[in-house]
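Student: First, the structure itself, so that you have it in front of you.
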Amino acid sequence: MFRFRRRSLAFRFRSCVRLAVVGGVLFHRALFNWTTPPMFIGTLLVGALLQVFFLVFLSREPGVADVRFPLIGNAVPAASASGVNGGTMAVANERRHGTLGAVLLSPRPRIPLWAGRALPYALNVTLVSAFVLTGAAVTPGLPVPADAPPGLAPMLLVAATACAVFGLAPGALGPRLRDVFLVSNAAGSVLLLLTGAAVPRDTLPAWMRGAGEPLPLTRAADAARRLVDGGLDRTLLGAELAVGSGYAVPALALLAVFERGSRRRATLDVM
């Protein structure tokens, strides 16, 4: 009996992994807004690279700060907007294209179901951030070591995952809000302002520094700068992973509450 139970647990684990991976890939192929190569390259890759270069050369002009600060800080969250919006799309696009009802009627477990929706966007964000850092490393005149992008890979993946999970929280409002992207766009702007990506956090007011502490990317930007300066702080990496995981709790809770409400209203309508 113990062996049967162990096999049953192993089967459930493999089933959940398959649901997250295969379901996430199928969802991504069907509902990804930038699925064509020209839109992906122009919107996510070139747009993020030009944004970082603009901020770097703008900060170089007055000569008041080391250009590595905006370069490294903005290269990490260069794709944060797509990560947050991607997590939001995981729910909002299902509703927009009329497939949310089929998803909610599915008897499959909800945690791997929604986690699989956010996983492809986390990989996209990692790719975009790695592209921006590589572009900065090969650009003459920019102080980025050639070995920085490979060393930053674990931190980029953790930060990207945290952004995608963070985006699930406003995405969970999709079943109720008419335009949930108003919330996700504001959330992306808050990340850029409060996490110390573009502005040193010690120059911000105390209440803004406190508001930035529980946000993703705050520790990732610091870890990236420390790695370029000499070494990776694994404590910051673990803290970033913990923060990203923490946002999964309210996101899944909101999704569960709205799902129950939808089922209850559907039952009343039928009666």
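Lettering and numbering for the structure tokens are positional, with chains as A, B, ... in the shown order, residues counted from 1 in each chain, and ligands counted from 1 in the shown order.
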If we count only C-alpha atoms, what is near range 24-41 of chain A at a cut-off of 10 Å, once residues fewer than 3 positions away on the same chain are taken out, given as JSON, numbers by chain?

Tutor: {"A": [18, 19, 20, 21, 44, 45, 46, 47, 48, 86, 89, 90, 92, 93, 94, 96, 97, 112, 113, 114, 115, 116, 117, 118, 119, 120, 121, 124, 128]}

Student: So that I have them on file, write out the residues from the current selection with N, CA, C and O atoms, as an mmCIF file, in the first residue's frame.

Tutor:
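File result.cif, as written:
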```cif
data_model
loop_
_atom_site.group_PDB
_atom_site.id
_atom_site.type_symbol
_atom_site.label_atom_id
_atom_site.label_comp_id
_atom_site.auth_asym_id
_atom_site.auth_seq_id
_atom_site.Cartn_x
_atom_site.Cartn_y
_atom_site.Cartn_z
ATOM 1 N N ARG A 18 3.536 18.275 -16.113
ATOM 2 C CA ARG A 18 3.110 18.237 -17.510
ATOM 3 C C ARG A 18 2.050 19.294 -17.784
ATOM 4 O O ARG A 18 2.058 19.962 -18.831
ATOM 5 N N LEU A 19 1.119 19.465 -16.853
ATOM 6 C CA LEU A 19 0.086 20.488 -17.011
ATOM 7 C C LEU A 19 0.699 21.877 -17.089
ATOM 8 O O LEU A 19 0.305 22.695 -17.934
ATOM 9 N N ALA A 20 1.663 22.168 -16.214
ATOM 10 C CA ALA A 20 2.280 23.495 -16.202
ATOM 11 C C ALA A 20 3.075 23.748 -17.474
ATOM 12 O O ALA A 20 2.963 24.816 -18.083
ATOM 13 N N VAL A 21 3.865 22.749 -17.914
ATOM 14 C CA VAL A 21 4.743 22.957 -19.065
ATOM 15 C C VAL A 21 3.960 22.929 -20.374
ATOM 16 O O VAL A 21 4.001 23.871 -21.169
ATOM 17 N N LEU A 44 9.955 44.011 -27.953
ATOM 18 C CA LEU A 44 10.612 43.527 -26.743
ATOM 19 C C LEU A 44 12.128 43.674 -26.790
ATOM 20 O O LEU A 44 12.733 44.100 -25.807
ATOM 21 N N LEU A 45 12.766 43.323 -27.880
ATOM 22 C CA LEU A 45 14.232 43.345 -27.917
ATOM 23 C C LEU A 45 14.770 44.733 -28.220
ATOM 24 O O LEU A 45 15.487 45.332 -27.412
ATOM 25 N N VAL A 46 14.437 45.268 -29.381
ATOM 26 C CA VAL A 46 14.983 46.569 -29.784
ATOM 27 C C VAL A 46 14.459 47.676 -28.870
ATOM 28 O O VAL A 46 15.222 48.566 -28.455
ATOM 29 N N GLY A 47 13.183 47.640 -28.533
ATOM 30 C CA GLY A 47 12.626 48.676 -27.658
ATOM 31 C C GLY A 47 13.297 48.725 -26.299
ATOM 32 O O GLY A 47 13.626 49.800 -25.791
ATOM 33 N N ALA A 48 13.533 47.550 -25.703
ATOM 34 C CA ALA A 48 14.196 47.514 -24.395
ATOM 35 C C ALA A 48 15.631 47.986 -24.488
ATOM 36 O O ALA A 48 16.131 48.706 -23.607
ATOM 37 N N GLY A 86 2.853 40.290 -19.044
ATOM 38 C CA GLY A 86 2.711 38.887 -19.394
ATOM 39 C C GLY A 86 1.951 38.109 -18.342
ATOM 40 O O GLY A 86 1.070 37.302 -18.655
ATOM 41 N N MET A 89 -1.549 39.018 -18.771
ATOM 42 C CA MET A 89 -2.138 38.365 -19.944
ATOM 43 C C MET A 89 -2.522 36.920 -19.665
ATOM 44 O O MET A 89 -3.403 36.369 -20.335
ATOM 45 N N ALA A 90 -1.853 36.300 -18.706
ATOM 46 C CA ALA A 90 -2.142 34.897 -18.407
ATOM 47 C C ALA A 90 -3.605 34.685 -18.062
ATOM 48 O O ALA A 90 -4.149 33.603 -18.277
ATOM 49 N N ALA A 92 -6.012 37.736 -18.386
ATOM 50 C CA ALA A 92 -6.803 38.702 -19.150
ATOM 51 C C ALA A 92 -7.033 38.243 -20.581
ATOM 52 O O ALA A 92 -8.127 38.443 -21.134
ATOM 53 N N ASN A 93 -6.032 37.634 -21.209
ATOM 54 C CA ASN A 93 -6.220 37.201 -22.599
ATOM 55 C C ASN A 93 -7.176 36.027 -22.707
ATOM 56 O O ASN A 93 -7.825 35.841 -23.733
ATOM 57 N N GLU A 94 -7.238 35.207 -21.663
ATOM 58 C CA GLU A 94 -8.224 34.131 -21.668
ATOM 59 C C GLU A 94 -9.641 34.715 -21.709
ATOM 60 O O GLU A 94 -10.507 34.228 -22.442
ATOM 61 N N ARG A 96 -10.396 37.833 -22.741
ATOM 62 C CA ARG A 96 -10.544 38.638 -23.957
ATOM 63 C C ARG A 96 -10.924 37.779 -25.157
ATOM 64 O O ARG A 96 -11.742 38.189 -26.001
ATOM 65 N N HIS A 97 -10.338 36.599 -25.264
ATOM 66 C CA HIS A 97 -10.592 35.738 -26.416
ATOM 67 C C HIS A 97 -11.677 34.697 -26.152
ATOM 68 O O HIS A 97 -11.868 33.789 -26.965
ATOM 69 N N PRO A 112 -0.683 24.486 -10.719
ATOM 70 C CA PRO A 112 0.109 24.276 -11.939
ATOM 71 C C PRO A 112 -0.547 24.881 -13.172
ATOM 72 O O PRO A 112 0.153 25.266 -14.122
ATOM 73 N N LEU A 113 -1.879 24.982 -13.172
ATOM 74 C CA LEU A 113 -2.571 25.566 -14.321
ATOM 75 C C LEU A 113 -2.158 27.017 -14.537
ATOM 76 O O LEU A 113 -1.774 27.415 -15.648
ATOM 77 N N TRP A 114 -2.206 27.827 -13.462
ATOM 78 C CA TRP A 114 -1.855 29.246 -13.595
ATOM 79 C C TRP A 114 -0.354 29.458 -13.591
ATOM 80 O O TRP A 114 0.138 30.397 -14.239
ATOM 81 N N ALA A 115 0.402 28.614 -12.889
ATOM 82 C CA ALA A 115 1.865 28.737 -12.918
ATOM 83 C C ALA A 115 2.394 28.509 -14.326
ATOM 84 O O ALA A 115 3.328 29.189 -14.772
ATOM 85 N N GLY A 116 1.807 27.557 -15.041
ATOM 86 C CA GLY A 116 2.222 27.322 -16.413
ATOM 87 C C GLY A 116 1.944 28.496 -17.321
ATOM 88 O O GLY A 116 2.657 28.722 -18.302
ATOM 89 N N ARG A 117 0.910 29.271 -16.999
ATOM 90 C CA ARG A 117 0.617 30.467 -17.803
ATOM 91 C C ARG A 117 1.702 31.528 -17.653
ATOM 92 O O ARG A 117 1.996 32.274 -18.588
ATOM 93 N N ALA A 118 2.284 31.643 -16.452
ATOM 94 C CA ALA A 118 3.291 32.684 -16.203
ATOM 95 C C ALA A 118 4.691 32.255 -16.622
ATOM 96 O O ALA A 118 5.548 33.113 -16.876
ATOM 97 N N LEU A 119 4.953 30.948 -16.694
ATOM 98 C CA LEU A 119 6.306 30.468 -16.975
ATOM 99 C C LEU A 119 6.872 30.959 -18.311
ATOM 100 O O LEU A 119 8.012 31.430 -18.359
ATOM 101 N N PRO A 120 6.132 30.885 -19.435
ATOM 102 C CA PRO A 120 6.717 31.376 -20.694
ATOM 103 C C PRO A 120 7.085 32.846 -20.663
ATOM 104 O O PRO A 120 8.080 33.260 -21.280
ATOM 105 N N TYR A 121 6.312 33.650 -19.944
ATOM 106 C CA TYR A 121 6.639 35.075 -19.870
ATOM 107 C C TYR A 121 7.907 35.305 -19.056
ATOM 108 O O TYR A 121 8.680 36.226 -19.356
ATOM 109 N N ASN A 124 10.641 34.712 -21.420
ATOM 110 C CA ASN A 124 10.761 35.841 -22.343
ATOM 111 C C ASN A 124 11.523 36.997 -21.713
ATOM 112 O O ASN A 124 12.390 37.626 -22.339
ATOM 113 N N VAL A 128 15.037 38.739 -22.935
ATOM 114 C CA VAL A 128 15.162 40.159 -23.272
ATOM 115 C C VAL A 128 16.247 40.821 -22.425
ATOM 116 O O VAL A 128 17.080 41.592 -22.934
#
```

Student: If you measure from CA of Pro200 in chain A to CA of Val132 in chain A, what distance in Å do you get, rounded to one decimal?

Tutor: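 We find that CA of Pro200 in chain A and CA of Val132 in chain A lie 20.6 Å from each other.
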
Student: Residues within 12 Å of Arg234 in chain A, please, as a PyMOL selection string. Count only C-alpha atoms; anything in the same chain fewer than 2 positions from it doesn't count.

Tutor: chain A and resi 152+154-155+158+219-220+222-224+226-227+231-232+236-241

Student: Write a file of the selected residues as a JSON list (two decimals), in the first residue's frame, keeping C-alpha atoms.

Tutor:
```
[["chain", "number", "residue", "atom", "x", "y", "z"],
["A", 152, "LEU", "CA", 23.91, 37.33, -14.35],
["A", 154, "PRO", "CA", 20.59, 33.00, -12.49],
["A", 155, "MET", "CA", 19.67, 36.42, -11.16],
["A", 158, "VAL", "CA", 14.83, 34.78, -10.66],
["A", 219, "ARG", "CA", 17.11, 43.09, -4.63],
["A", 220, "ALA", "CA", 17.77, 41.93, -8.21],
["A", 222, "ASP", "CA", 21.40, 45.48, -6.23],
["A", 223, "ALA", "CA", 22.60, 41.93, -6.89],
["A", 224, "ALA", "CA", 23.36, 42.75, -10.53],
["A", 226, "ARG", "CA", 27.36, 43.85, -6.98],
["A", 227, "LEU", "CA", 28.07, 41.05, -9.45],
["A", 231, "GLY", "CA", 30.72, 39.06, -6.75],
["A", 232, "LEU", "CA", 27.18, 37.69, -6.56],
["A", 236, "LEU", "CA", 19.82, 38.90, -2.32],
["A", 237, "LEU", "CA", 19.07, 36.20, -4.88],
["A", 238, "GLY", "CA", 17.22, 34.11, -2.31],
["A", 239, "ALA", "CA", 15.34, 37.15, -1.03],
["A", 240, "GLU", "CA", 14.22, 38.01, -4.56],
["A", 241, "LEU", "CA", 12.95, 34.47, -5.05]]
```

Student: Would you pick out the contacts of range 172-177 of chain A at 9 Å or less, using only C-alpha atoms, so that residues sharing its chain but fewer than 3 positions from it are not included, and give the list as a JSON list (two decimals) with all heavy atoms, in the first residue's frame?

Tutor:
```json
[["chain", "number", "residue", "atom", "x", "y", "z"],
["A", 88, "THR", "N", -0.18, 39.37, -16.37],
["A", 88, "THR", "CA", -1.55, 39.82, -16.47],
["A", 88, "THR", "C", -2.27, 39.16, -17.65],
["A", 88, "THR", "O", -3.44, 38.78, -17.55],
["A", 88, "THR", "CB", -1.59, 41.35, -16.63],
["A", 88, "THR", "OG1", -0.90, 41.95, -15.53],
["A", 88, "THR", "CG2", -3.01, 41.87, -16.67],
["A", 89, "MET", "N", -1.55, 39.02, -18.77],
["A", 89, "MET", "CA", -2.14, 38.36, -19.94],
["A", 89, "MET", "C", -2.52, 36.92, -19.66],
["A", 89, "MET", "O", -3.40, 36.37, -20.33],
["A", 89, "MET", "CB", -1.14, 38.39, -21.11],
["A", 89, "MET", "CG", -0.93, 39.72, -21.75],
["A", 89, "MET", "SD", 0.32, 39.59, -23.04],
["A", 89, "MET", "CE", 0.63, 41.32, -23.36],
["A", 90, "ALA", "N", -1.85, 36.30, -18.71],
["A", 90, "ALA", "CA", -2.14, 34.90, -18.41],
["A", 90, "ALA", "C", -3.61, 34.69, -18.06],
["A", 90, "ALA", "O", -4.15, 33.60, -18.28],
["A", 90, "ALA", "CB", -1.26, 34.43, -17.25],
["A", 91, "VAL", "N", -4.25, 35.73, -17.54],
["A", 91, "VAL", "CA", -5.68, 35.63, -17.22],
["A", 91, "VAL", "C", -6.49, 36.51, -18.16],
["A", 91, "VAL", "O", -7.52, 36.09, -18.70],
["A", 91, "VAL", "CB", -5.95, 36.04, -15.76],
["A", 91, "VAL", "CG1", -7.42, 35.87, -15.41],
["A", 91, "VAL", "CG2", -5.08, 35.24, -14.81],
["A", 92, "ALA", "N", -6.01, 37.74, -18.39],
["A", 92, "ALA", "CA", -6.80, 38.70, -19.15],
["A", 92, "ALA", "C", -7.03, 38.24, -20.58],
["A", 92, "ALA", "O", -8.13, 38.44, -21.13],
["A", 92, "ALA", "CB", -6.11, 40.06, -19.13],
["A", 93, "ASN", "N", -6.03, 37.63, -21.21],
["A", 93, "ASN", "CA", -6.22, 37.20, -22.60],
["A", 93, "ASN", "C", -7.18, 36.03, -22.71],
["A", 93, "ASN", "O", -7.82, 35.84, -23.73],
["A", 93, "ASN", "CB", -4.87, 36.85, -23.22],
["A", 93, "ASN", "CG", -4.17, 38.06, -23.78],
["A", 93, "ASN", "OD1", -4.65, 39.18, -23.64],
["A", 93, "ASN", "ND2", -3.03, 37.86, -24.41],
["A", 95, "ARG", "N", -9.86, 35.76, -20.94],
["A", 95, "ARG", "CA", -11.18, 36.40, -20.94],
["A", 95, "ARG", "C", -11.41, 37.14, -22.25],
["A", 95, "ARG", "O", -12.52, 37.07, -22.83],
["A", 95, "ARG", "CB", -11.28, 37.37, -19.77],
["A", 95, "ARG", "CG", -12.60, 38.13, -19.74],
["A", 95, "ARG", "CD", -12.63, 39.19, -18.66],
["A", 95, "ARG", "NE", -13.86, 39.93, -18.68],
["A", 95, "ARG", "CZ", -14.12, 40.97, -17.90],
["A", 95, "ARG", "NH1", -13.21, 41.38, -17.03],
["A", 95, "ARG", "NH2", -15.28, 41.59, -17.97],
["A", 100, "LEU", "N", -11.77, 31.85, -21.18],
["A", 100, "LEU", "CA", -11.65, 31.76, -19.73],
["A", 100, "LEU", "C", -12.66, 30.79, -19.14],
["A", 100, "LEU", "O", -12.37, 30.07, -18.18],
["A", 100, "LEU", "CB", -11.80, 33.15, -19.10],
["A", 100, "LEU", "CG", -11.64, 33.23, -17.58],
["A", 100, "LEU", "CD1", -10.26, 32.74, -17.16],
["A", 100, "LEU", "CD2", -11.87, 34.65, -17.09],
["A", 167, "GLY", "N", 2.90, 39.95, -11.88],
["A", 167, "GLY", "CA", 1.87, 40.31, -12.84],
["A", 167, "GLY", "C", 0.61, 39.49, -12.72],
["A", 167, "GLY", "O", -0.47, 39.92, -13.16],
["A", 168, "LEU", "N", 0.72, 38.29, -12.13],
["A", 168, "LEU", "CA", -0.48, 37.47, -11.93],
["A", 168, "LEU", "C", -1.46, 38.13, -10.96],
["A", 168, "LEU", "O", -2.66, 37.89, -11.05],
["A", 168, "LEU", "CB", -0.09, 36.09, -11.40],
["A", 168, "LEU", "CG", 0.31, 35.02, -12.41],
["A", 168, "LEU", "CD1", 0.68, 33.74, -11.69],
["A", 168, "LEU", "CD2", -0.80, 34.77, -13.42],
["A", 169, "ALA", "N", -0.94, 38.92, -10.02],
["A", 169, "ALA", "CA", -1.82, 39.57, -9.04],
["A", 169, "ALA", "C", -2.80, 40.53, -9.70],
["A", 169, "ALA", "O", -4.01, 40.42, -9.49],
["A", 169, "ALA", "CB", -0.98, 40.26, -7.97],
["A", 180, "VAL", "N", -7.93, 45.47, -17.36],
["A", 180, "VAL", "CA", -7.00, 45.18, -16.28],
["A", 180, "VAL", "C", -5.60, 45.70, -16.58],
["A", 180, "VAL", "O", -4.77, 45.85, -15.68],
["A", 180, "VAL", "CB", -6.96, 43.65, -16.03],
["A", 180, "VAL", "CG1", -6.25, 42.93, -17.16],
["A", 180, "VAL", "CG2", -6.32, 43.33, -14.69],
["A", 181, "PHE", "N", -5.32, 46.04, -17.86],
["A", 181, "PHE", "CA", -3.99, 46.52, -18.20],
["A", 181, "PHE", "C", -3.71, 47.92, -17.65],
["A", 181, "PHE", "O", -2.56, 48.34, -17.59],
["A", 181, "PHE", "CB", -3.79, 46.49, -19.72],
["A", 181, "PHE", "CG", -3.65, 45.10, -20.26],
["A", 181, "PHE", "CD1", -4.71, 44.49, -20.90],
["A", 181, "PHE", "CD2", -2.48, 44.39, -20.09],
["A", 181, "PHE", "CE1", -4.60, 43.21, -21.39],
["A", 181, "PHE", "CE2", -2.36, 43.10, -20.57],
["A", 181, "PHE", "CZ", -3.42, 42.50, -21.23],
["A", 250, "PRO", "N", -1.39, 35.94, -2.90],
["A", 250, "PRO", "CA", -2.59, 36.76, -3.18],
["A", 250, "PRO", "C", -3.14, 36.53, -4.58],
["A", 250, "PRO", "O", -4.37, 36.61, -4.78],
["A", 250, "PRO", "CB", -2.09, 38.19, -2.99],
["A", 250, "PRO", "CG", -0.62, 38.13, -3.14],
["A", 250, "PRO", "CD", -0.22, 36.79, -2.63],
["A", 251, "ALA", "N", -2.27, 36.27, -5.56],
["A", 251, "ALA", "CA", -2.76, 36.04, -6.91],
["A", 251, "ALA", "C", -3.66, 34.80, -6.97],
["A", 251, "ALA", "O", -4.77, 34.85, -7.51],
["A", 251, "ALA", "CB", -1.59, 35.89, -7.87],
["A", 252, "LEU", "N", -3.19, 33.69, -6.40],
["A", 252, "LEU", "CA", -3.99, 32.47, -6.41],
["A", 252, "LEU", "C", -5.25, 32.61, -5.56],
["A", 252, "LEU", "O", -6.30, 32.07, -5.89],
["A", 252, "LEU", "CB", -3.14, 31.30, -5.92],
["A", 252, "LEU", "CG", -1.99, 30.89, -6.84],
["A", 252, "LEU", "CD1", -1.11, 29.84, -6.16],
["A", 252, "LEU", "CD2", -2.51, 30.35, -8.16],
["A", 253, "ALA", "N", -5.13, 33.36, -4.45],
["A", 253, "ALA", "CA", -6.30, 33.58, -3.61],
["A", 253, "ALA", "C", -7.37, 34.38, -4.34],
["A", 253, "ALA", "O", -8.57, 34.05, -4.30],
["A", 253, "ALA", "CB", -5.90, 34.28, -2.32],
["A", 254, "LEU", "N", -6.96, 35.45, -5.05],
["A", 254, "LEU", "CA", -7.92, 36.25, -5.81],
["A", 254, "LEU", "C", -8.56, 35.43, -6.93],
["A", 254, "LEU", "O", -9.77, 35.52, -7.17],
["A", 254, "LEU", "CB", -7.22, 37.48, -6.40],
["A", 254, "LEU", "CG", -6.89, 38.61, -5.42],
["A", 254, "LEU", "CD1", -6.05, 39.67, -6.11],
["A", 254, "LEU", "CD2", -8.16, 39.23, -4.86],
["A", 255, "LEU", "N", -7.74, 34.62, -7.61],
["A", 255, "LEU", "CA", -8.29, 33.78, -8.67],
["A", 255, "LEU", "C", -9.32, 32.79, -8.12],
["A", 255, "LEU", "O", -10.36, 32.55, -8.74],
["A", 255, "LEU", "CB", -7.16, 33.03, -9.38],
["A", 255, "LEU", "CG", -6.27, 33.87, -10.30],
["A", 255, "LEU", "CD1", -5.02, 33.10, -10.69],
["A", 255, "LEU", "CD2", -7.04, 34.28, -11.55],
["A", 256, "ALA", "N", -9.02, 32.23, -6.96],
["A", 256, "ALA", "CA", -9.96, 31.27, -6.35],
["A", 256, "ALA", "C", -11.26, 31.97, -5.95],
["A", 256, "ALA", "O", -12.36, 31.44, -6.16],
["A", 256, "ALA", "CB", -9.31, 30.61, -5.14],
["A", 258, "PHE", "N", -12.60, 34.79, -7.21],
["A", 258, "PHE", "CA", -13.38, 35.19, -8.37],
["A", 258, "PHE", "C", -13.95, 33.98, -9.11],
["A", 258, "PHE", "O", -15.03, 34.07, -9.72],
["A", 258, "PHE", "CB", -12.51, 36.03, -9.31],
["A", 258, "PHE", "CG", -12.16, 37.37, -8.74],
["A", 258, "PHE", "CD1", -10.96, 37.99, -9.06],
["A", 258, "PHE", "CD2", -13.03, 38.03, -7.89],
["A", 258, "PHE", "CE1", -10.63, 39.22, -8.53],
["A", 258, "PHE", "CE2", -12.72, 39.27, -7.36],
["A", 258, "PHE", "CZ", -11.51, 39.87, -7.68],
["A", 259, "GLU", "N", -13.24, 32.87, -9.08],
["A", 259, "GLU", "CA", -13.77, 31.67, -9.72],
["A", 259, "GLU", "C", -15.02, 31.18, -9.00],
["A", 259, "GLU", "O", -16.02, 30.82, -9.62],
["A", 259, "GLU", "CB", -12.71, 30.56, -9.74],
["A", 259, "GLU", "CG", -13.20, 29.27, -10.39],
["A", 259, "GLU", "CD", -12.13, 28.20, -10.45],
["A", 259, "GLU", "OE1", -10.95, 28.51, -10.14],
["A", 259, "GLU", "OE2", -12.47, 27.06, -10.82],
["A", 262, "SER", "N", -17.85, 33.44, -9.85],
["A", 262, "SER", "CA", -18.36, 33.20, -11.20],
["A", 262, "SER", "C", -19.25, 31.96, -11.23],
["A", 262, "SER", "O", -20.31, 31.94, -11.88],
["A", 262, "SER", "CB", -17.19, 33.04, -12.18],
["A", 262, "SER", "OG", -16.41, 34.20, -12.22]]
```

Student: Please list as an MDAnalysis selection string every residue within 9 Å of Leu215 in chain A, counting only C-alpha atoms and excluding residues in the same chain fewer than 6 positions away.

Tutor: chainID A and resid 166 191 194:195 240 243:244

Student: Those selected residues, please, written with all heavy atoms and delivered as a PDB file, in the first residue's frame.

Tutor:
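Written file, result-v3.pdb:
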```pdb
ATOM      1  N   PHE A 166       4.412  38.483 -10.072  1.00  0.00           N
ATOM      2  CA  PHE A 166       3.859  39.768  -9.635  1.00  0.00           C
ATOM      3  C   PHE A 166       2.740  40.214 -10.577  1.00  0.00           C
ATOM      4  O   PHE A 166       1.732  40.779 -10.142  1.00  0.00           O
ATOM      5  CB  PHE A 166       4.975  40.812  -9.598  1.00  0.00           C
ATOM      6  CG  PHE A 166       4.537  42.189  -9.206  1.00  0.00           C
ATOM      7  CD1 PHE A 166       4.201  42.489  -7.897  1.00  0.00           C
ATOM      8  CD2 PHE A 166       4.451  43.198 -10.150  1.00  0.00           C
ATOM      9  CE1 PHE A 166       3.790  43.776  -7.535  1.00  0.00           C
ATOM     10  CE2 PHE A 166       4.052  44.476  -9.799  1.00  0.00           C
ATOM     11  CZ  PHE A 166       3.721  44.760  -8.492  1.00  0.00           C
ATOM     12  N   LEU A 191       7.377  49.735 -10.381  1.00  0.00           N
ATOM     13  CA  LEU A 191       8.614  48.963 -10.259  1.00  0.00           C
ATOM     14  C   LEU A 191       9.819  49.790 -10.674  1.00  0.00           C
ATOM     15  O   LEU A 191      10.855  49.784 -10.006  1.00  0.00           O
ATOM     16  CB  LEU A 191       8.531  47.694 -11.118  1.00  0.00           C
ATOM     17  CG  LEU A 191       7.611  46.580 -10.624  1.00  0.00           C
ATOM     18  CD1 LEU A 191       7.700  45.385 -11.558  1.00  0.00           C
ATOM     19  CD2 LEU A 191       7.943  46.172  -9.205  1.00  0.00           C
ATOM     20  N   LEU A 194      10.363  52.693  -7.786  1.00  0.00           N
ATOM     21  CA  LEU A 194      10.617  52.403  -6.380  1.00  0.00           C
ATOM     22  C   LEU A 194      11.676  51.338  -6.126  1.00  0.00           C
ATOM     23  O   LEU A 194      12.088  51.168  -4.981  1.00  0.00           O
ATOM     24  CB  LEU A 194       9.305  51.970  -5.692  1.00  0.00           C
ATOM     25  CG  LEU A 194       8.161  52.978  -5.712  1.00  0.00           C
ATOM     26  CD1 LEU A 194       6.954  52.415  -4.972  1.00  0.00           C
ATOM     27  CD2 LEU A 194       8.587  54.305  -5.097  1.00  0.00           C
ATOM     28  N   THR A 195      12.103  50.612  -7.159  1.00  0.00           N
ATOM     29  CA  THR A 195      13.032  49.503  -6.927  1.00  0.00           C
ATOM     30  C   THR A 195      14.496  49.906  -7.027  1.00  0.00           C
ATOM     31  O   THR A 195      15.375  49.065  -6.830  1.00  0.00           O
ATOM     32  CB  THR A 195      12.768  48.368  -7.925  1.00  0.00           C
ATOM     33  OG1 THR A 195      12.903  48.868  -9.264  1.00  0.00           O
ATOM     34  CG2 THR A 195      11.367  47.811  -7.744  1.00  0.00           C
ATOM     35  N   GLU A 240      15.022  37.700  -3.380  1.00  0.00           N
ATOM     36  CA  GLU A 240      14.217  38.015  -4.563  1.00  0.00           C
ATOM     37  C   GLU A 240      13.279  36.864  -4.911  1.00  0.00           C
ATOM     38  O   GLU A 240      12.112  37.069  -5.257  1.00  0.00           O
ATOM     39  CB  GLU A 240      15.146  38.307  -5.752  1.00  0.00           C
ATOM     40  CG  GLU A 240      14.440  38.730  -7.020  1.00  0.00           C
ATOM     41  CD  GLU A 240      13.896  40.146  -6.951  1.00  0.00           C
ATOM     42  OE1 GLU A 240      14.247  40.885  -6.014  1.00  0.00           O
ATOM     43  OE2 GLU A 240      13.105  40.506  -7.836  1.00  0.00           O
ATOM     44  N   VAL A 243      10.398  36.889  -2.410  1.00  0.00           N
ATOM     45  CA  VAL A 243       9.425  37.952  -2.691  1.00  0.00           C
ATOM     46  C   VAL A 243       8.531  37.552  -3.853  1.00  0.00           C
ATOM     47  O   VAL A 243       7.300  37.716  -3.808  1.00  0.00           O
ATOM     48  CB  VAL A 243      10.157  39.277  -2.990  1.00  0.00           C
ATOM     49  CG1 VAL A 243       9.190  40.313  -3.552  1.00  0.00           C
ATOM     50  CG2 VAL A 243      10.814  39.821  -1.734  1.00  0.00           C
ATOM     51  N   GLY A 244       9.136  37.015  -4.924  1.00  0.00           N
ATOM     52  CA  GLY A 244       8.335  36.582  -6.057  1.00  0.00           C
ATOM     53  C   GLY A 244       7.353  35.492  -5.682  1.00  0.00           C
ATOM     54  O   GLY A 244       6.188  35.506  -6.107  1.00  0.00           O
TER      55      GLY A 244
END
```

Student: Using CA of Leu157 in chain A and CA of Thr126 in chain A as the two end points, give the distance in Å to one decimal.

Tutor: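 These two atoms are separated by 5.4 Å.
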
Student: Which is closer to Leu133 in chain A than all the others in A:Val249, A:Ala162, A:Leu217, A:Leu71, using only C-alpha atoms?

Tutor: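 Once distances to Leu133 in chain A are computed over only C-alpha atoms, the minimum belongs to A:Leu71.
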
Student: Out of range 66-207 of chain A, which residues get helix (DSSP H, G or I) from DSSP, as a PyMOL selection string?

Tutor: chain A and resi 68-96+100-105+110-137+148-151+153-171+181-194+201-203+206-207

Student: Between A:Ala159, A:Leu49, A:Ala102, A:Ala137, which one has atoms that come closest to Leu123 in chain A, using only C-alpha atoms?

Tutor: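 Using only C-alpha atoms, Leu123 in chain A sits closest to A:Ala159.
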
Student: With only C-alpha atoms as the atoms that count, which of A:Asp202, A:Ala164, A:Phe131, A:Pro170 lies nearest to Ala186 in chain A?

Tutor: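 Closest residue, counting only C-alpha atoms: A:Pro170.
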
Student: As an exercise, work out the distance from CA of Thr203 in chain A to CA of Val228 in chain A in Å and give it to one decimal place.

Tutor: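 CA of Val228 in chain A lies 21.9 Å from CA of Thr203 in chain A.
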